[in-house]
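Undergrad: Structure supplied as input-v3.txt; contents: compact mmCIF, C-alpha atoms.
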```txt
# COMPACT_ATOMS: atom_id res chain seq x y z
CA MET A 1 0.00 0.00 0.00
CA ILE A 2 2.94 2.33 0.42
CA ARG A 3 3.59 2.97 -3.26
CA PRO A 4 -0.03 3.85 -4.23
CA CYS A 5 -0.27 6.18 -1.24
CA LEU A 6 3.03 7.74 -2.13
CA ALA A 7 2.05 8.22 -5.76
CA LEU A 8 -1.15 9.92 -4.62
CA ALA A 9 0.80 12.15 -2.28
CA LEU A 10 3.20 13.21 -5.01
CA LEU A 11 0.36 13.85 -7.45
CA LEU A 12 -1.49 15.98 -4.94
CA ALA A 13 1.66 17.86 -4.11
CA ALA A 14 2.31 18.59 -7.77
CA CYS A 15 -1.15 20.12 -8.03
CA GLY A 16 -0.81 22.20 -4.88
CA GLU A 17 0.62 25.64 -4.26
CA GLU A 18 3.35 24.83 -1.76
CA THR A 19 6.63 26.64 -1.87
CA ALA A 20 9.69 24.69 -2.86
CA GLY A 21 12.52 23.92 -0.52
CA GLY A 22 12.92 22.25 2.79
CA SER A 23 11.23 24.76 5.11
CA HIS A 24 7.75 24.31 6.33
CA GLY A 25 5.19 27.02 5.82
CA PRO A 26 1.54 27.49 4.93
CA SER A 27 -0.08 25.04 2.58
CA SER A 28 -3.41 24.63 0.85
CA PRO A 29 -5.91 22.11 2.22
CA GLY A 30 -4.99 19.78 -0.62
CA GLY A 31 -1.34 20.23 0.16
CA HIS A 32 -2.03 19.45 3.79
CA GLU A 33 -3.63 16.15 2.89
CA ALA A 34 -0.81 15.35 0.49
CA GLY A 35 1.64 16.19 3.24
CA LEU A 36 -0.04 13.82 5.66
CA ALA A 37 -0.05 11.06 3.04
CA ALA A 38 3.61 11.70 2.32
CA PHE A 39 4.44 11.57 6.02
CA GLU A 40 2.83 8.16 6.23
CA ALA A 41 5.34 6.97 3.63
CA VAL A 42 8.15 8.58 5.61
CA ARG A 43 6.89 6.98 8.83
CA GLY A 44 6.84 3.56 7.19
CA VAL A 45 10.53 3.91 6.38
CA LEU A 46 11.58 5.25 9.78
CA GLN A 47 9.73 2.44 11.56
CA HIS A 48 11.11 -0.27 9.28
CA PRO A 49 13.37 -2.64 11.24
CA ARG A 50 16.43 -1.55 9.25
CA CYS A 51 15.92 1.97 10.60
CA GLN A 52 14.18 1.64 13.94
CA ASN A 53 16.45 -1.07 15.32
CA CYS A 54 19.01 1.59 16.21
CA HIS A 55 16.32 4.00 17.43
CA PRO A 56 14.87 1.98 20.34
CA ALA A 57 12.88 3.15 23.33
CA GLY A 58 15.76 2.48 25.69
CA ASP A 59 19.49 1.98 25.61
CA VAL A 60 19.57 -1.51 24.10
CA PRO A 61 19.69 -1.64 20.28
CA LEU A 62 17.47 -4.11 18.47
CA GLN A 63 18.20 -6.60 15.72
CA GLY A 64 16.38 -8.64 13.11
CA ASP A 65 13.12 -8.20 11.30
CA ASP A 66 11.31 -8.80 14.60
CA SER A 67 13.28 -6.00 16.30
CA ARG A 68 14.38 -8.18 19.21
CA PRO A 69 16.93 -6.93 21.77
CA HIS A 70 20.50 -7.13 20.50
CA LYS A 71 22.45 -10.13 21.73
CA GLN A 72 25.46 -9.87 24.03
CA LEU A 73 23.93 -7.18 26.28
CA VAL A 74 25.01 -4.46 23.86
CA GLN A 75 24.26 -0.94 25.12
CA ARG A 76 24.09 2.54 23.64
CA GLY A 77 26.93 3.89 25.77
CA PRO A 78 27.77 7.50 26.61
CA THR A 79 28.03 8.71 23.00
CA GLY A 80 25.90 6.19 21.09
CA HIS A 81 28.94 4.19 19.99
CA GLY A 82 28.62 1.44 22.58
CA MET A 83 30.37 0.86 25.89
CA ALA A 84 34.12 1.10 26.44
CA GLY A 85 35.60 -2.16 25.21
CA ALA A 86 32.29 -3.14 23.59
CA GLU A 87 32.00 -0.46 20.94
CA CYS A 88 29.64 -1.12 18.02
CA THR A 89 32.61 -1.18 15.67
CA ALA A 90 34.14 -4.16 17.48
CA CYS A 91 31.78 -6.30 15.40
CA HIS A 92 30.29 -3.92 12.82
CA GLY A 93 33.07 -3.21 10.33
CA PRO A 94 33.59 -0.51 7.71
CA ALA A 95 31.40 -2.30 5.12
CA ASN A 96 29.00 -5.20 4.86
CA PRO A 97 31.03 -8.42 4.84
CA PRO A 98 31.16 -10.33 1.56
CA ASP A 99 28.10 -12.49 0.84
CA SER A 100 30.29 -15.56 1.21
CA TYR A 101 30.53 -14.86 4.95
CA GLY A 102 26.85 -15.84 5.30
CA ALA A 103 23.76 -14.16 6.71
CA ALA A 104 24.62 -14.28 10.42
CA VAL A 105 27.57 -11.91 10.40
CA PRO A 106 27.14 -8.30 11.54
CA PRO A 107 26.73 -5.69 8.81
CA GLY A 108 28.95 -2.66 8.53
CA VAL A 109 29.15 0.86 7.18
CA VAL A 110 31.98 3.20 6.26
CA SER A 111 30.95 5.98 8.63
CA GLY A 112 31.01 3.70 11.67
CA TRP A 113 28.12 1.84 13.25
CA HIS A 114 26.38 3.76 16.05
CA MET A 115 23.15 4.83 17.65
CA PRO A 116 21.93 8.33 18.45
CA PRO A 117 23.56 9.74 21.59
CA PRO A 118 21.68 9.30 24.88
CA GLU A 119 20.82 12.99 25.17
CA LEU A 120 19.09 12.87 21.75
CA PRO A 121 17.82 9.29 21.47
CA MET A 122 15.44 9.99 18.53
CA VAL A 123 13.16 7.11 19.49
CA PHE A 124 11.35 5.55 16.53
CA VAL A 125 10.13 2.33 18.13
CA GLY A 126 6.58 2.32 19.41
CA LEU A 127 5.80 5.95 18.74
CA ALA A 128 2.40 6.87 17.32
CA PRO A 129 2.67 8.64 13.95
CA GLY A 130 1.83 12.05 15.42
CA ALA A 131 4.43 11.78 18.19
CA LEU A 132 7.07 10.53 15.76
CA CYS A 133 6.29 13.40 13.39
CA GLU A 134 6.54 16.06 16.11
CA GLN A 135 9.82 14.63 17.39
CA ILE A 136 11.46 14.53 13.99
CA LYS A 137 10.94 18.19 13.25
CA ASP A 138 11.65 19.46 16.77
CA PRO A 139 15.20 20.92 16.76
CA ALA A 140 15.37 20.43 20.52
CA ARG A 141 15.06 16.70 20.00
CA ASN A 142 16.63 16.18 16.56
CA GLY A 143 20.05 17.67 17.17
CA GLY A 144 19.20 21.20 16.09
CA ARG A 145 18.46 20.25 12.50
CA ASP A 146 16.07 22.23 10.32
CA MET A 147 14.15 20.52 7.53
CA ALA A 148 16.93 21.06 5.00
CA ALA A 149 19.50 19.56 7.34
CA LEU A 150 17.23 16.63 8.06
CA ARG A 151 16.80 16.01 4.34
CA ALA A 152 20.56 16.10 3.84
CA HIS A 153 20.98 13.56 6.65
CA LEU A 154 18.40 11.24 5.12
CA HIS A 155 19.76 11.73 1.60
CA ASP A 156 23.48 11.40 2.26
CA ASP A 157 24.34 9.73 5.58
CA PRO A 158 25.93 6.34 4.85
CA LEU A 159 24.26 4.78 7.88
CA VAL A 160 20.85 5.89 6.61
CA LEU A 161 21.62 4.63 3.11
CA TRP A 162 22.66 1.28 4.59
CA GLY A 163 18.96 0.59 5.12
CA TRP A 164 18.66 0.08 1.38
CA ASP A 165 21.84 -1.97 1.13
CA PRO A 166 21.83 -4.01 4.33
CA GLY A 167 23.95 -6.90 3.17
CA PHE A 168 23.40 -10.56 2.54
CA GLY A 169 20.32 -12.10 4.15
CA ARG A 170 18.59 -8.91 5.27
CA GLU A 171 15.50 -7.29 3.81
CA PRO A 172 16.15 -3.73 2.68
CA VAL A 173 13.69 -0.95 3.41
CA ALA A 174 10.71 -1.62 1.13
CA THR A 175 10.19 1.92 -0.18
CA PRO A 176 12.93 2.87 -2.64
CA HIS A 177 15.23 5.58 -1.32
CA ALA A 178 14.33 8.02 -4.10
CA GLU A 179 10.65 7.63 -3.28
CA PHE A 180 11.41 8.14 0.39
CA ILE A 181 13.21 11.40 -0.30
CA ALA A 182 10.42 12.52 -2.65
CA ALA A 183 7.88 11.81 0.08
CA TRP A 184 10.00 13.77 2.56
CA GLU A 185 10.13 16.73 0.21
CA THR A 186 6.38 16.58 -0.37
CA TRP A 187 5.82 16.51 3.38
CA ALA A 188 8.20 19.42 3.90
CA ARG A 189 6.65 21.53 1.13
CA ALA A 190 3.23 20.95 2.66
CA GLY A 191 4.43 22.52 5.89
CA ALA A 192 5.40 19.23 7.57
CA PRO A 193 1.93 18.53 8.96
CA CYS A 194 1.58 15.89 11.63
CA PRO A 195 -1.21 13.34 11.96
CA GLY A 196 -3.70 14.17 14.66
CA GLY A 197 -2.51 17.75 14.87
CA MET B 1 50.39 -8.46 -2.81
CA MET B 2 49.13 -6.47 0.11
CA LYS B 3 50.88 -5.00 3.14
CA ILE B 4 49.67 -5.47 6.67
CA HIS B 5 50.91 -3.68 9.78
CA ILE B 6 51.09 -6.38 12.40
CA ASN B 7 52.54 -6.29 15.91
CA GLY B 8 54.94 -3.48 15.11
CA SER B 9 56.21 -4.70 11.77
CA VAL B 10 55.00 -4.66 8.17
CA ARG B 11 54.41 -7.95 6.36
CA GLU B 12 53.55 -8.61 2.74
CA ILE B 13 50.82 -11.12 2.07
CA ASP B 14 49.41 -12.63 -1.11
CA VAL B 15 45.83 -13.54 -0.27
CA SER B 16 42.29 -12.97 -1.50
CA PRO B 17 41.03 -9.53 -0.41
CA ASP B 18 37.96 -11.26 1.02
CA MET B 19 39.95 -13.54 3.30
CA PRO B 20 39.01 -12.88 6.95
CA LEU B 21 41.80 -11.28 8.94
CA LEU B 22 41.68 -14.23 11.33
CA TRP B 23 42.63 -16.63 8.54
CA VAL B 24 45.52 -14.37 7.58
CA LEU B 25 46.77 -14.22 11.14
CA ARG B 26 46.62 -17.93 11.81
CA ASP B 27 47.27 -19.57 8.43
CA VAL B 28 49.41 -17.03 6.59
CA LEU B 29 51.31 -15.11 9.25
CA GLY B 30 51.72 -17.99 11.69
CA LEU B 31 50.13 -16.26 14.66
CA PRO B 32 47.86 -18.92 16.17
CA GLY B 33 47.23 -17.14 19.49
CA THR B 34 44.03 -15.61 18.14
CA LYS B 35 41.33 -18.28 18.09
CA PHE B 36 38.49 -19.26 15.82
CA GLY B 37 35.32 -19.65 17.86
CA CYS B 38 32.09 -19.06 15.97
CA GLY B 39 33.13 -17.33 12.76
CA MET B 40 30.35 -14.75 13.04
CA ALA B 41 31.37 -12.27 15.75
CA GLN B 42 29.18 -13.93 18.34
CA CYS B 43 31.77 -15.19 20.84
CA GLY B 44 34.75 -12.82 20.92
CA ALA B 45 37.48 -15.49 20.72
CA CYS B 46 39.00 -13.89 17.61
CA THR B 47 39.38 -10.40 19.10
CA VAL B 48 42.45 -8.39 18.11
CA HIS B 49 43.17 -4.66 18.22
CA LEU B 50 42.94 -2.39 15.20
CA ASP B 51 44.68 0.83 16.15
CA GLY B 52 44.04 -0.16 19.74
CA LYS B 53 40.34 -0.86 19.34
CA PRO B 54 38.96 -4.35 19.92
CA THR B 55 37.83 -5.93 16.65
CA ARG B 56 36.49 -9.36 15.71
CA SER B 57 38.96 -10.64 13.16
CA CYS B 58 36.73 -13.48 11.95
CA VAL B 59 34.30 -11.13 10.16
CA LEU B 60 36.75 -8.53 8.87
CA PRO B 61 38.02 -8.98 5.32
CA VAL B 62 41.75 -8.36 5.32
CA SER B 63 41.29 -5.75 2.61
CA SER B 64 39.38 -3.63 5.14
CA VAL B 65 42.36 -3.37 7.48
CA GLY B 66 44.24 -0.87 5.32
CA ALA B 67 47.05 0.94 7.09
CA ARG B 68 45.70 0.32 10.56
CA GLU B 69 47.95 -1.42 13.06
CA VAL B 70 46.86 -4.94 13.97
CA THR B 71 47.85 -6.12 17.43
CA THR B 72 47.32 -9.74 18.39
CA ILE B 73 47.87 -11.48 21.70
CA GLU B 74 51.41 -12.20 20.51
CA GLY B 75 52.00 -8.46 20.15
CA LEU B 76 50.44 -7.30 23.41
CA SER B 77 53.84 -7.84 25.02
CA SER B 78 56.91 -9.82 24.05
CA ASP B 79 57.17 -11.60 27.39
CA ALA B 80 53.64 -11.77 28.82
CA SER B 81 54.44 -8.75 30.96
CA HIS B 82 51.39 -6.69 30.04
CA PRO B 83 49.45 -5.90 33.22
CA VAL B 84 46.44 -7.85 31.97
CA GLN B 85 48.57 -10.90 31.23
CA ARG B 86 50.23 -10.66 34.66
CA ALA B 87 46.87 -10.30 36.35
CA TRP B 88 45.48 -13.27 34.41
CA ALA B 89 48.33 -15.44 35.62
CA GLU B 90 48.17 -14.24 39.22
CA ALA B 91 44.39 -14.71 39.43
CA ASP B 92 44.68 -18.10 37.70
CA VAL B 93 41.83 -17.11 35.40
CA VAL B 94 42.33 -19.67 32.69
CA GLN B 95 40.62 -23.03 32.65
CA CYS B 96 40.67 -24.48 29.13
CA GLY B 97 42.02 -21.18 27.82
CA TYR B 98 40.44 -21.18 24.39
CA CYS B 99 38.58 -17.87 24.76
CA GLN B 100 41.22 -16.14 26.85
CA SER B 101 43.28 -14.39 24.20
CA GLY B 102 40.15 -12.60 23.05
CA GLN B 103 39.15 -11.81 26.63
CA ILE B 104 42.61 -10.40 27.36
CA MET B 105 42.61 -8.20 24.26
CA THR B 106 39.29 -6.63 25.19
CA ALA B 107 40.33 -6.21 28.82
CA ALA B 108 43.48 -4.43 27.68
CA ALA B 109 41.46 -2.10 25.45
CA LEU B 110 39.00 -1.40 28.24
CA LEU B 111 41.78 -0.34 30.62
CA GLU B 112 43.14 2.09 28.04
CA LYS B 113 39.77 3.86 28.09
CA LYS B 114 38.82 3.26 31.69
CA PRO B 115 41.92 2.84 33.87
CA ASP B 116 39.84 2.12 36.98
CA PRO B 117 36.68 0.39 35.74
CA SER B 118 33.71 -0.49 37.90
CA ASP B 119 32.14 -3.94 37.95
CA ALA B 120 29.48 -2.58 35.59
CA ASP B 121 32.12 -1.22 33.21
CA ILE B 122 33.83 -4.60 33.14
CA ASP B 123 30.59 -6.51 32.64
CA ALA B 124 29.59 -4.22 29.77
CA ALA B 125 32.94 -4.57 28.04
CA MET B 126 33.32 -8.29 28.53
CA SER B 127 29.72 -9.41 27.95
CA PRO B 128 30.25 -10.04 24.20
CA HIS B 129 32.85 -12.69 25.16
CA LEU B 130 31.69 -16.23 25.83
CA CYS B 131 33.58 -18.58 28.13
CA ARG B 132 32.26 -22.12 28.22
CA CYS B 133 34.30 -22.82 31.35
CA GLY B 134 32.45 -20.04 33.14
CA THR B 135 35.49 -18.08 34.29
CA TYR B 136 33.56 -14.82 34.26
CA VAL B 137 33.95 -14.03 37.96
CA ARG B 138 37.70 -14.62 37.84
CA ILE B 139 37.91 -12.48 34.72
CA ARG B 140 36.19 -9.59 36.49
CA GLY B 141 38.56 -9.90 39.43
CA ALA B 142 41.57 -10.08 37.14
CA VAL B 143 40.56 -6.91 35.30
CA HIS B 144 40.42 -5.09 38.64
CA LEU B 145 43.84 -6.53 39.49
CA ALA B 146 45.23 -5.51 36.10
CA SER B 147 43.93 -2.01 36.71
CA ARG B 148 45.90 -1.82 39.94
CA LEU B 149 49.02 -3.26 38.31
CA LYS B 150 48.76 -0.85 35.42
CA ARG B 151 48.49 2.10 37.79
CA GLY B 152 51.52 0.89 39.71
CA GLU B 153 49.60 0.22 42.87
CA ARG B 154 51.25 -3.14 43.18
```
Show me the file's structure as structure tokens.

TA:
Amino acid sequence: MIRPCLALALLLAACGEETAGGSHGPSSPGGHEAGLAAFEAVRGVLQHPRCQNCHPAGDVPLQGDDSRPHKQLVQRGPTGHGMAGAECTACHGPANPPDSYGAAVPPGVVSGWHMPPPELPMVFVGLAPGALCEQIKDPARNGGRDMAALRAHLHDDPLVLWGWDPGFGREPVATPHAEFIAAWETWARAGAPCPGG
Amino acid sequence: MMKIHINGSVREIDVSPDMPLLWVLRDVLGLPGTKFGCGMAQCGACTVHLDGKPTRSCVLPVSSVGAREVTTIEGLSSDASHPVQRAWAEADVVQCGYCQSGQIMTAAALLEKKPDPSDADIDAAMSPHLCRCGTYVRIRGAVHLASRLKRGER
């Protein structure tokens, strides 16, 4: 259902009168609805296991398609990079291992595996769409990012992009990355409306 | 041919870029102190240091090492005089010993970051390491002892 909804959102956005760019401002009623539909596509990506597993409601990262607690008592640590001596990068290397290593080996990324820091946990797991939406665009909770900075993070950060290239044996995020970014832009142009608000 | 910085020297190796570092250490460079346990970063037996940071060598392609310095248990000291090794011997930690080189490498890395770790610090650092002999309590005690040795308190 994600792709039809997304296509509708983009179509509605194209017919609206929203201003371009990453800031949120006033939008027409049609743009508002398109924005809400686009956010639903964004939410589906953020709450996909590939994304939400490192955005838990606590200090223990999750793993697998069932988002179960990470083995080995792994913890977020003081900076989001794990505990001293048990840093994420002890097991998660600078790239996904070759396919020949099998499906059970930890994936990796060039920018270094990590979670959000404890002071800005950016919880994705278990949040209702409205609460997730408000958190994402709140600079006090998102690391001081405006909408343009958030888009750049989602467009360019290697750890975000890993969700679409998660290595052998893992399901990538279902919505293609380009569609995800397009949905984000539609949502932003519509004034970043939140469900229930 | 590829170069690898290992225990303070540079060696040339002719291997597949995908070969796990652990295979290179044991089968090519003749450094069998680092052990194969699970082959999927689940047990910690294969832990070495990359630029001082604990790393599971069984899941790291050797081509990913680059110019970083690899330190194995053989390179931690030339005569088993590293404080962690001395503490391990004094506390008689080892039972079968298979997991212990990995445990020692992580303990050494922990003490570089936390010279006087708490029980919780030690448990957090060492929890990714499995010991089928159940030496965990002796390991915790030995890390505290190593901390004191390293700080010159004994």

Undergrad: Considering all atoms listed in the file, state which residue in the set A:Val123, A:Leu150, A:Ala86, A:Leu46 is at the smallest distance from Met105 in chain B.

TA: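 Under the stated criterion, the closest residue is A:Ala86.
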
Undergrad: I want to know what sits within 6 Å of range 106-116 of chain B, based on only C-alpha atoms, with residues of the same chain fewer than 2 positions away left out; could you give that as a PyMOL selection string?

TA: (chain A and resi 84-85) or (chain B and resi 54+103-104+147)

Undergrad: Output the contact residues of chain B with respect to chain A at a cut-off of 10 Å, based on only C-alpha atoms, as JSON, numbers by chain.

TA: {"B": [18, 19, 20, 39, 40, 41, 42, 43, 44, 47, 48, 49, 50, 53, 54, 55, 56, 57, 58, 59, 60, 61, 64, 65, 105, 106, 107, 108, 109, 110, 111, 112, 113, 114, 117, 121, 122, 123, 124, 125, 126, 127, 128, 129, 130]}

Undergrad: Considering only C-alpha atoms, return as an MDAnalysis selection string whatever protein or nucleic-acid residues lie within 8 Å of range 152-161 of chain A, sequence-local ones (same chain, fewer than 6 positions apart) excluded.

TA: chainID A and resid 51 109:113 177 181

Undergrad: Mind checking which residues fall within 6 Å of range 114-121 of chain A, counting all atoms listed in the file, ignoring those fewer than 6 positions away in the same chain, and posting them as an NGL selection string?

TA: :A and (54 or 79-81 or 141)

Undergrad: Check the smallest atom-to-atom distance from each of A:Gln135, A:Asn53, A:Gln63, A:Thr186 to Glu33 in chain A using only C-alpha atoms, then report the winner.

TA: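 So, comparing all the options, the nearest one is A:Thr186.
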
Undergrad: Any idea what the distance is between CA of Arg140 in chain B and CA of Gly33 in chain B?

TA: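 So the answer is 21.6 Å.
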
Undergrad: List the spatial neighbours of Val93 in chain B as number ranges by chain - criterion: any atom at most 8 Å away, all atoms listed in the file, same-chain residues fewer than 3 positions off excluded.

TA: B: 88-90, 135, 138-139, 142

Undergrad: Can you work out which one of B:Thr34, B:Ser81, B:Ser63, B:Ser118 has the shortest atom-to-atom distance to Met2 in chain B, counting only C-alpha atoms?

TA: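 Nearest candidate to Met2 in chain B out of B:Thr34, B:Ser81, B:Ser63, B:Ser118: B:Ser63.
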
Undergrad: Measure the distance from CA of Ile136 in chain A to CA of Arg43 in chain A in Å and round it to one decimal.

TA: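 Rounded to one decimal, the two atoms are 10.2 Å apart.
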
Undergrad: Compare B:Met1, B:Ser9, B:Asp119, B:Glu74 by their minimum atom-to-atom distance to Gly30 in chain B, counting all atoms listed in the file, and give me the closest one.

TA: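 When distances to Gly30 in chain B are compared using all atoms listed in the file, the smallest one comes from B:Glu74.
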
Undergrad: CA of Asp66 in chain A to CA of Gly126 in chain A: how many Å, to one decimal?

TA: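 CA of Gly126 in chain A lies at a distance of 13.0 Å from CA of Asp66 in chain A.
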
Undergrad: Smallest atom-to-atom distance to Arg154 in chain B: which of B:Ala120, B:Val94, B:Val24, B:Ala87, using all atoms listed in the file?

TA: B:Ala87

Undergrad: Please output range 47-60 of chain A, rebuilt to include N, CA and C atoms, as a PDB file, keeping the file's coordinate frame.

TA:
```pdb
ATOM      1  N   GLN A  47      10.092   3.531  10.643  1.00  0.00           N
ATOM      2  CA  GLN A  47       9.730   2.440  11.560  1.00  0.00           C
ATOM      3  C   GLN A  47       9.909   1.070  10.911  1.00  0.00           C
ATOM      4  N   HIS A  48      10.675   1.022   9.823  1.00  0.00           N
ATOM      5  CA  HIS A  48      11.110  -0.270   9.280  1.00  0.00           C
ATOM      6  C   HIS A  48      12.227  -0.792  10.182  1.00  0.00           C
ATOM      7  N   PRO A  49      12.309  -2.113  10.353  1.00  0.00           N
ATOM      8  CA  PRO A  49      13.370  -2.640  11.240  1.00  0.00           C
ATOM      9  C   PRO A  49      14.763  -2.174  10.890  1.00  0.00           C
ATOM     10  N   ARG A  50      15.080  -1.975   9.598  1.00  0.00           N
ATOM     11  CA  ARG A  50      16.430  -1.550   9.250  1.00  0.00           C
ATOM     12  C   ARG A  50      16.735  -0.184   9.838  1.00  0.00           C
ATOM     13  N   CYS A  51      15.698   0.635  10.047  1.00  0.00           N
ATOM     14  CA  CYS A  51      15.920   1.970  10.600  1.00  0.00           C
ATOM     15  C   CYS A  51      15.672   2.016  12.101  1.00  0.00           C
ATOM     16  N   GLN A  52      14.556   1.452  12.532  1.00  0.00           N
ATOM     17  CA  GLN A  52      14.180   1.640  13.940  1.00  0.00           C
ATOM     18  C   GLN A  52      15.014   0.800  14.903  1.00  0.00           C
ATOM     19  N   ASN A  53      15.707  -0.216  14.406  1.00  0.00           N
ATOM     20  CA  ASN A  53      16.450  -1.070  15.320  1.00  0.00           C
ATOM     21  C   ASN A  53      17.546  -0.315  16.079  1.00  0.00           C
ATOM     22  N   CYS A  54      18.029   0.763  15.503  1.00  0.00           N
ATOM     23  CA  CYS A  54      19.010   1.590  16.210  1.00  0.00           C
ATOM     24  C   CYS A  54      18.376   2.837  16.808  1.00  0.00           C
ATOM     25  N   HIS A  55      17.051   2.882  16.825  1.00  0.00           N
ATOM     26  CA  HIS A  55      16.320   4.000  17.430  1.00  0.00           C
ATOM     27  C   HIS A  55      15.317   3.430  18.436  1.00  0.00           C
ATOM     28  N   PRO A  56      15.797   2.650  19.421  1.00  0.00           N
ATOM     29  CA  PRO A  56      14.870   1.980  20.340  1.00  0.00           C
ATOM     30  C   PRO A  56      14.383   2.903  21.452  1.00  0.00           C
ATOM     31  N   ALA A  57      13.382   2.410  22.171  1.00  0.00           N
ATOM     32  CA  ALA A  57      12.880   3.150  23.330  1.00  0.00           C
ATOM     33  C   ALA A  57      13.633   2.692  24.572  1.00  0.00           C
ATOM     34  N   GLY A  58      14.894   2.924  24.595  1.00  0.00           N
ATOM     35  CA  GLY A  58      15.760   2.480  25.690  1.00  0.00           C
ATOM     36  C   GLY A  58      17.186   2.508  25.198  1.00  0.00           C
ATOM     37  N   ASP A  59      18.075   1.914  25.967  1.00  0.00           N
ATOM     38  CA  ASP A  59      19.490   1.980  25.610  1.00  0.00           C
ATOM     39  C   ASP A  59      20.030   0.684  25.027  1.00  0.00           C
ATOM     40  N   VAL A  60      19.140  -0.249  24.707  1.00  0.00           N
ATOM     41  CA  VAL A  60      19.570  -1.510  24.100  1.00  0.00           C
ATOM     42  C   VAL A  60      19.137  -1.512  22.631  1.00  0.00           C
TER      43      VAL A  60
END
```
